[in-house]
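Novice: Input: one structure, supplied below.
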Amino acid sequence: MTLRPSTVAIVVVSTLAAAFVGCFIDAHFIVERTALDLAQTQTLATRLGLADLALFTEARYTRHPVQADLHSAFQDHPLALEHFPSGSLLPPHYEPLVRETTTPD
Amino acid sequence: MLATLDYHRSRLASGVTVARSASRPSGLGAARRPDCTVGASMIELRDVKKAFNQGQHNEYWALSGITLNLEAKRVTALRGPSGSGKTTLLTLIGCLARPTSGRVSLHGRDISGLPERFLTEIRRQTFGFVFQQFNLIRGMSALENVMLPAFPTGRAHRELVERADALLERLRLTHRRDARAEWLSGGEQQRVAIARALINDPEVLIADEPTANLDTALAKEFMAILEGFGAEGRTVILTSHDPLVVESAAVHRVIDMRDGLLVEQ
Amino acid sequence: MSPWFEKQRHLIDFTLASLARRKGRHLGLLVVFALLVFALASAMLFAHALRHEAQQILDGAPEIVLQKLVAGRHDLIPPGTIERISGMRGVQQVHGRLWGYYYDPVVKANYTFLVPPDNSIQPGTLVIGPALARQRGLAPGTGISLRSYSGALYSFAIAAVLPQASELASADLLLVSEADFRAFFSYPADHYTDIALSVANPAEVRNIANKLAKLLPDSRPILREEIQRTYASIFDWREGIMLALLSAAILAFAILAWDKASGLSADEKREIGILKAIGWETGDIIKMKFWEGALISLIAFLVGFIAAYVHVFHFGAPLFEPVLKGWSVLYPRFVLTPVIDGLQVATLFFFTVFPFLAATLVPIWRAAVTDPDAVMRT
């Protein structure tokens, strides 16, 4: 008696579904295992008052994208999507910001 | 050849031997088997008409008023030239289509007005079809093809395989069980089609021009199978204009048709 | 087994047997489909994990950073400013930060000099970030000479290297004592780079920022909330670019799937006719096709997602890293913590599985309602 195609399908789909669930379980365990590392990084960031990730170290004006600097290409809008705001396709997500609440004289 | 035929006939007929040479007593087949409840009208058609492309310029009336009773446990043949409406009549009897006007009833129940879903259910339970072109599904094995009509019934797989195997064995096809449909010869294809028609154990077997695509030897083989059904007491309705079929002893009743009407005898 | 279940299995048997007849074609479709899900899921998983990581780390950022502007440009905080702010109600802690950039021509990378708020570094020593240590081959106990912007050469001993685990936030840091910092950069005494404030009541942050803006009209407060939102935007934007690039692939696949699914061949139409004639209902045929679409898309989705998960979280997303993270000389090495957004996964599921199902089912609907006697007529 040959294997029914539906048996193959059920086995394949349930194996994949188990692996899919496995991804979430695996993620859970990794998160637990690395919780200490994260806590360490957080402590360091708090201690040093770090406000930026060290992801964009290629130039001075990109190192701290959220903080205006003498060399920043774009200093004012803290929601800048790009160093040159006109380069992005969409305007940044807008919420009234503190400094803009001051009414003009 | 005859020897094999006789052998199979006797197997098919479950021991009941039907004399091949027995001549038919006049036109309609009389009760030849006393254990048969013949004459009990199973399918009734009342002034049935069928039009195609109704209301359009190419409107065509395939049937123009048929009134007919078909008895259970008999082999009935519809005879007529092509275009006489015999295939259309077969589709109405087999619940494949609904008449444009008139009534079709099965066991006294009017089925001409039923919605498709119920019609399909009745068709599946009551009728098995053997088409002129056999219409097997290509790329699938003989066994799978035989099992197809039973799939929507949800019967257990093992049971289906057993039944299909039994049918294939009965039709001497066990050795071709796993062969794909397109690898089968014409005769084998027809026998697979017959097995497929029988998988749901229908009351009525419907065959459209069963010998049209077969040579004489294969046609004779088919007639042997048909005789077996007749002997079993299965209701068979077929169309044919092949003398080999309509003049055969296996056929109990022949109905002549022409131009969408019955030819009165 | 119930008849319903057995029937579905029969329909699956049939649909798989009919798929197997054009094995190459359908396997190809499955592979392309899975690749598409893989690419989309990789981009989503990566960007979400990175966003999450950034949010977590930046939770420790100062609540408000105050910068001074001169003629709209960033300037040093002059003496006296910190004292003016310290007395404000609601402000818990104020301290002047000292930090700056240094370009190292040896490795052609930018470093960030920073004086820790607790000024815990011994003069003459440095605590350095892990990427920098790697790049310059430094370890505790070794030394480094740096030429300052004024031209003088300064030598430091390496006191420690920051933990590898914190690399995402500290890759290029050089922690230095205040005295060394001021000497190295010729930084004017009592001036600071900017001011970090902590606020007692988080709900008051905006009010205090407002008051600061009024008190010091030449200053610019940056809120932690804004910092976190900016990072979220950066990764959103990079993910968006990635998805925009992939949208061409999505469209191509949509065309392929539509063509495959909607262009019913004459053979398939004939088969549907046969099935109807031998007793299948319209519903049975649609269910059979449903299983075809469901199995192909479900398997493709699962394979694609699982591959993406392994790719991103166990192999570090080598295929998409450059697009999603950017590049630099001192690139931080870090392993992303796998945080999966269920909603995102659900969205991906709906946008891949359902359109494919629809593309399979819609054309079959038209074919399946043909009269069952069509087979006899031809």
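Naming works like this for the structure tokens: A, B, ... for the chains as they're shown, residue 1 at the start of each chain, ligands 1 onward in shown order.
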Which residues, written as a list in words, have at least one atom at most 9 Å from Val251 (chain B), with only C-alpha atoms counted and residues fewer than 4 positions away on the same chain left out?

Specialist: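 The filter keeps Arg24, Gly29, Arg74, Val75, Thr76, Ala77, Leu226, Glu227, Gly230, Val236, Val245, Val246 and Glu247 of chain B.
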
Novice: Quick one: contact table of chain C to chain B, 9 Å max, nearest atom pair and distance in Å to one decimal per residue, counting only C-alpha atoms, chain and number order, as a tab-separated table?

Specialist:
residue	atom	partner	partner_atom	distance
C:Met1	CA	B:Ala156	CA	7.9
C:Ser2	CA	B:Gly154	CA	8.0
C:Pro3	CA	B:Gly154	CA	4.5
C:Trp4	CA	B:Gly154	CA	6.1
C:Phe5	CA	B:Gly154	CA	7.4
C:Glu6	CA	B:Gly154	CA	5.0
C:Lys7	CA	B:Gly154	CA	3.9
C:Gln8	CA	B:Gly154	CA	7.7
C:Arg9	CA	B:Gly154	CA	8.5
C:His10	CA	B:Phe151	CA	5.4
C:Leu11	CA	B:Phe151	CA	6.8
C:Phe14	CA	B:Leu148	CA	8.2
C:Ala17	CA	B:Met140	CA	7.0
C:Ser18	CA	B:Gly139	CA	7.3
C:Ala20	CA	B:Gly139	CA	8.6
C:Arg21	CA	B:Gly139	CA	6.0
C:Arg270	CA	B:Asn135	CA	8.7
C:Glu271	CA	B:Ile137	CA	6.5
C:Ile274	CA	B:Asn135	CA	6.5
C:Leu275	CA	B:Pro149	CA	7.5
C:Lys276	CA	B:Thr120	CA	8.2
C:Ala277	CA	B:Leu96	CA	6.7
C:Ile278	CA	B:Pro149	CA	5.5
C:Gly279	CA	B:Arg124	CA	4.7
C:Trp280	CA	B:Pro152	CA	6.4
C:Glu281	CA	B:Thr120	CA	6.2
C:Thr282	CA	B:Arg117	CA	8.1
C:Gly283	CA	B:Arg117	CA	8.8
C:Asp284	CA	B:Pro152	CA	6.7
C:Asp371	CA	B:Ala97	CA	7.2
C:Pro372	CA	B:Leu96	CA	5.5
C:Asp373	CA	B:Leu96	CA	5.0
C:Ala374	CA	B:Leu96	CA	8.8
C:Val375	CA	B:Asn135	CA	8.2
C:Met376	CA	B:Phe131	CA	7.0
C:Arg377	CA	B:Thr87	CA	7.9

Novice: For region 150-165 of chain C, please output as a list in words all residues within 7 Å (counting only C-alpha atoms; exclusion window: fewer than 4 positions along the same chain).

Specialist: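 Selected residues are Asp37 and Thr41 of chain A; Gly124, Thr125, Leu126, Val127, Ile128, Gly129, Pro130, Ala139, Pro140, Gly141, Thr142, Gly143, Ile144, Ser145 and Leu146 of chain C.
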
Novice: Hey, which of A:Ser6, A:Gln67, A:Leu38, A:Phe29 ends up closest to Leu50 (chain A)? Count only C-alpha atoms.

Specialist: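 Looking only at the distances to Leu50 (chain A), the closest residue turns out to be A:Gln67.
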
Novice: Excluding region 41-49 of chain B and its own-chain neighbours fewer than 6 positions away, which residues fall within 10 Å of it when counting only C-alpha atoms? Please give them as number ranges by chain.

Specialist: B: 61-73, 88-89, 92-94, 98-110, 112, 204, 235, 260-261

Novice: Atoms to include: C-alpha atoms. Write the selected residues as a PDB file, in the first residue's frame.

Specialist:
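Saved result, selection.pdb, follows:
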ATOM      1  CA  TRP B  61     -34.900  21.605 -29.596  1.00  0.00           C
ATOM      2  CA  ALA B  62     -33.097  18.344 -28.927  1.00  0.00           C
ATOM      3  CA  LEU B  63     -36.170  16.686 -27.426  1.00  0.00           C
ATOM      4  CA  SER B  64     -39.677  17.617 -28.447  1.00  0.00           C
ATOM      5  CA  GLY B  65     -41.913  15.735 -26.042  1.00  0.00           C
ATOM      6  CA  ILE B  66     -40.953  12.346 -24.705  1.00  0.00           C
ATOM      7  CA  THR B  67     -43.197  10.263 -22.516  1.00  0.00           C
ATOM      8  CA  LEU B  68     -41.570   7.088 -21.346  1.00  0.00           C
ATOM      9  CA  ASN B  69     -41.419   4.595 -18.498  1.00  0.00           C
ATOM     10  CA  LEU B  70     -38.196   2.794 -17.750  1.00  0.00           C
ATOM     11  CA  GLU B  71     -38.313  -0.356 -15.657  1.00  0.00           C
ATOM     12  CA  ALA B  72     -35.908  -1.341 -12.938  1.00  0.00           C
ATOM     13  CA  LYS B  73     -33.493  -4.271 -13.334  1.00  0.00           C
ATOM     14  CA  THR B  88     -29.758  14.381 -24.401  1.00  0.00           C
ATOM     15  CA  LEU B  89     -32.423  12.021 -23.125  1.00  0.00           C
ATOM     16  CA  LEU B  92     -32.046  14.008 -18.391  1.00  0.00           C
ATOM     17  CA  ILE B  93     -32.547  10.474 -17.101  1.00  0.00           C
ATOM     18  CA  GLY B  94     -29.174  10.559 -15.372  1.00  0.00           C
ATOM     19  CA  ARG B  98     -32.878  19.369 -16.233  1.00  0.00           C
ATOM     20  CA  PRO B  99     -35.633  19.366 -18.863  1.00  0.00           C
ATOM     21  CA  THR B 100     -36.823  22.649 -20.340  1.00  0.00           C
ATOM     22  CA  SER B 101     -40.366  21.451 -19.759  1.00  0.00           C
ATOM     23  CA  GLY B 102     -42.053  18.248 -18.650  1.00  0.00           C
ATOM     24  CA  ARG B 103     -41.339  16.055 -15.677  1.00  0.00           C
ATOM     25  CA  VAL B 104     -38.781  13.449 -14.810  1.00  0.00           C
ATOM     26  CA  SER B 105     -39.484  11.326 -11.788  1.00  0.00           C
ATOM     27  CA  LEU B 106     -37.401   8.719 -10.080  1.00  0.00           C
ATOM     28  CA  HIS B 107     -39.220   6.139  -7.957  1.00  0.00           C
ATOM     29  CA  GLY B 108     -42.266   8.366  -8.220  1.00  0.00           C
ATOM     30  CA  ARG B 109     -40.469  11.461  -6.949  1.00  0.00           C
ATOM     31  CA  ASP B 110     -40.348  14.463  -9.250  1.00  0.00           C
ATOM     32  CA  SER B 112     -36.938  17.820 -12.592  1.00  0.00           C
ATOM     33  CA  VAL B 204     -28.611   2.423 -12.600  1.00  0.00           C
ATOM     34  CA  THR B 235     -30.638  -1.464 -14.350  1.00  0.00           C
ATOM     35  CA  GLY B 260     -36.204  14.238 -30.608  1.00  0.00           C
ATOM     36  CA  LEU B 261     -39.242  11.952 -30.564  1.00  0.00           C
TER      37      LEU B 261
END

Novice: Near Leu19 (chain C), counting only C-alpha atoms, which residues have an atom at most 12 Å away, once you skip same-chain residues fewer than 2 positions from it, shown as a tab-separated table (two decimals) with C-alpha atoms, in the first residue's frame?

Specialist:
chain	number	residue	atom	x	y	z
A	5	PRO	CA	-0.59	12.08	-0.65
B	139	GLY	CA	-2.07	11.46	-14.99
B	140	MET	CA	-3.89	9.41	-12.38
C	12	ILE	CA	-6.39	16.63	-0.66
C	13	ASP	CA	-5.36	13.30	-2.20
C	14	PHE	CA	-6.92	14.35	-5.47
C	15	THR	CA	-5.54	17.86	-5.51
C	16	LEU	CA	-2.03	16.65	-4.68
C	17	ALA	CA	-2.18	13.92	-7.30
C	21	ARG	CA	1.32	15.82	-12.71
C	22	ARG	CA	3.06	19.17	-13.26
C	23	LYS	CA	5.55	18.66	-10.48
C	24	GLY	CA	8.29	20.97	-11.76
C	25	ARG	CA	5.96	23.84	-12.33
C	26	HIS	CA	4.29	23.64	-8.95
C	27	LEU	CA	7.52	23.06	-7.04
C	28	GLY	CA	8.94	26.11	-8.80
C	29	LEU	CA	5.94	28.14	-7.73
C	30	LEU	CA	6.32	26.90	-4.16
C	268	GLU	CA	-8.37	21.50	-16.14
C	288	MET	CA	-10.62	20.68	-3.66
C	289	LYS	CA	-9.13	23.83	-5.18
C	291	TRP	CA	-6.95	22.78	-0.46
C	292	GLU	CA	-4.61	23.27	-3.39
C	293	GLY	CA	-4.25	26.98	-2.69
C	295	LEU	CA	-1.50	23.85	1.02
C	296	ILE	CA	0.78	25.69	-1.40

Novice: What gap, in Å, lies between CA of Val205 (chain C) and CA of Leu66 (chain C)?

Specialist: 12.5 Å
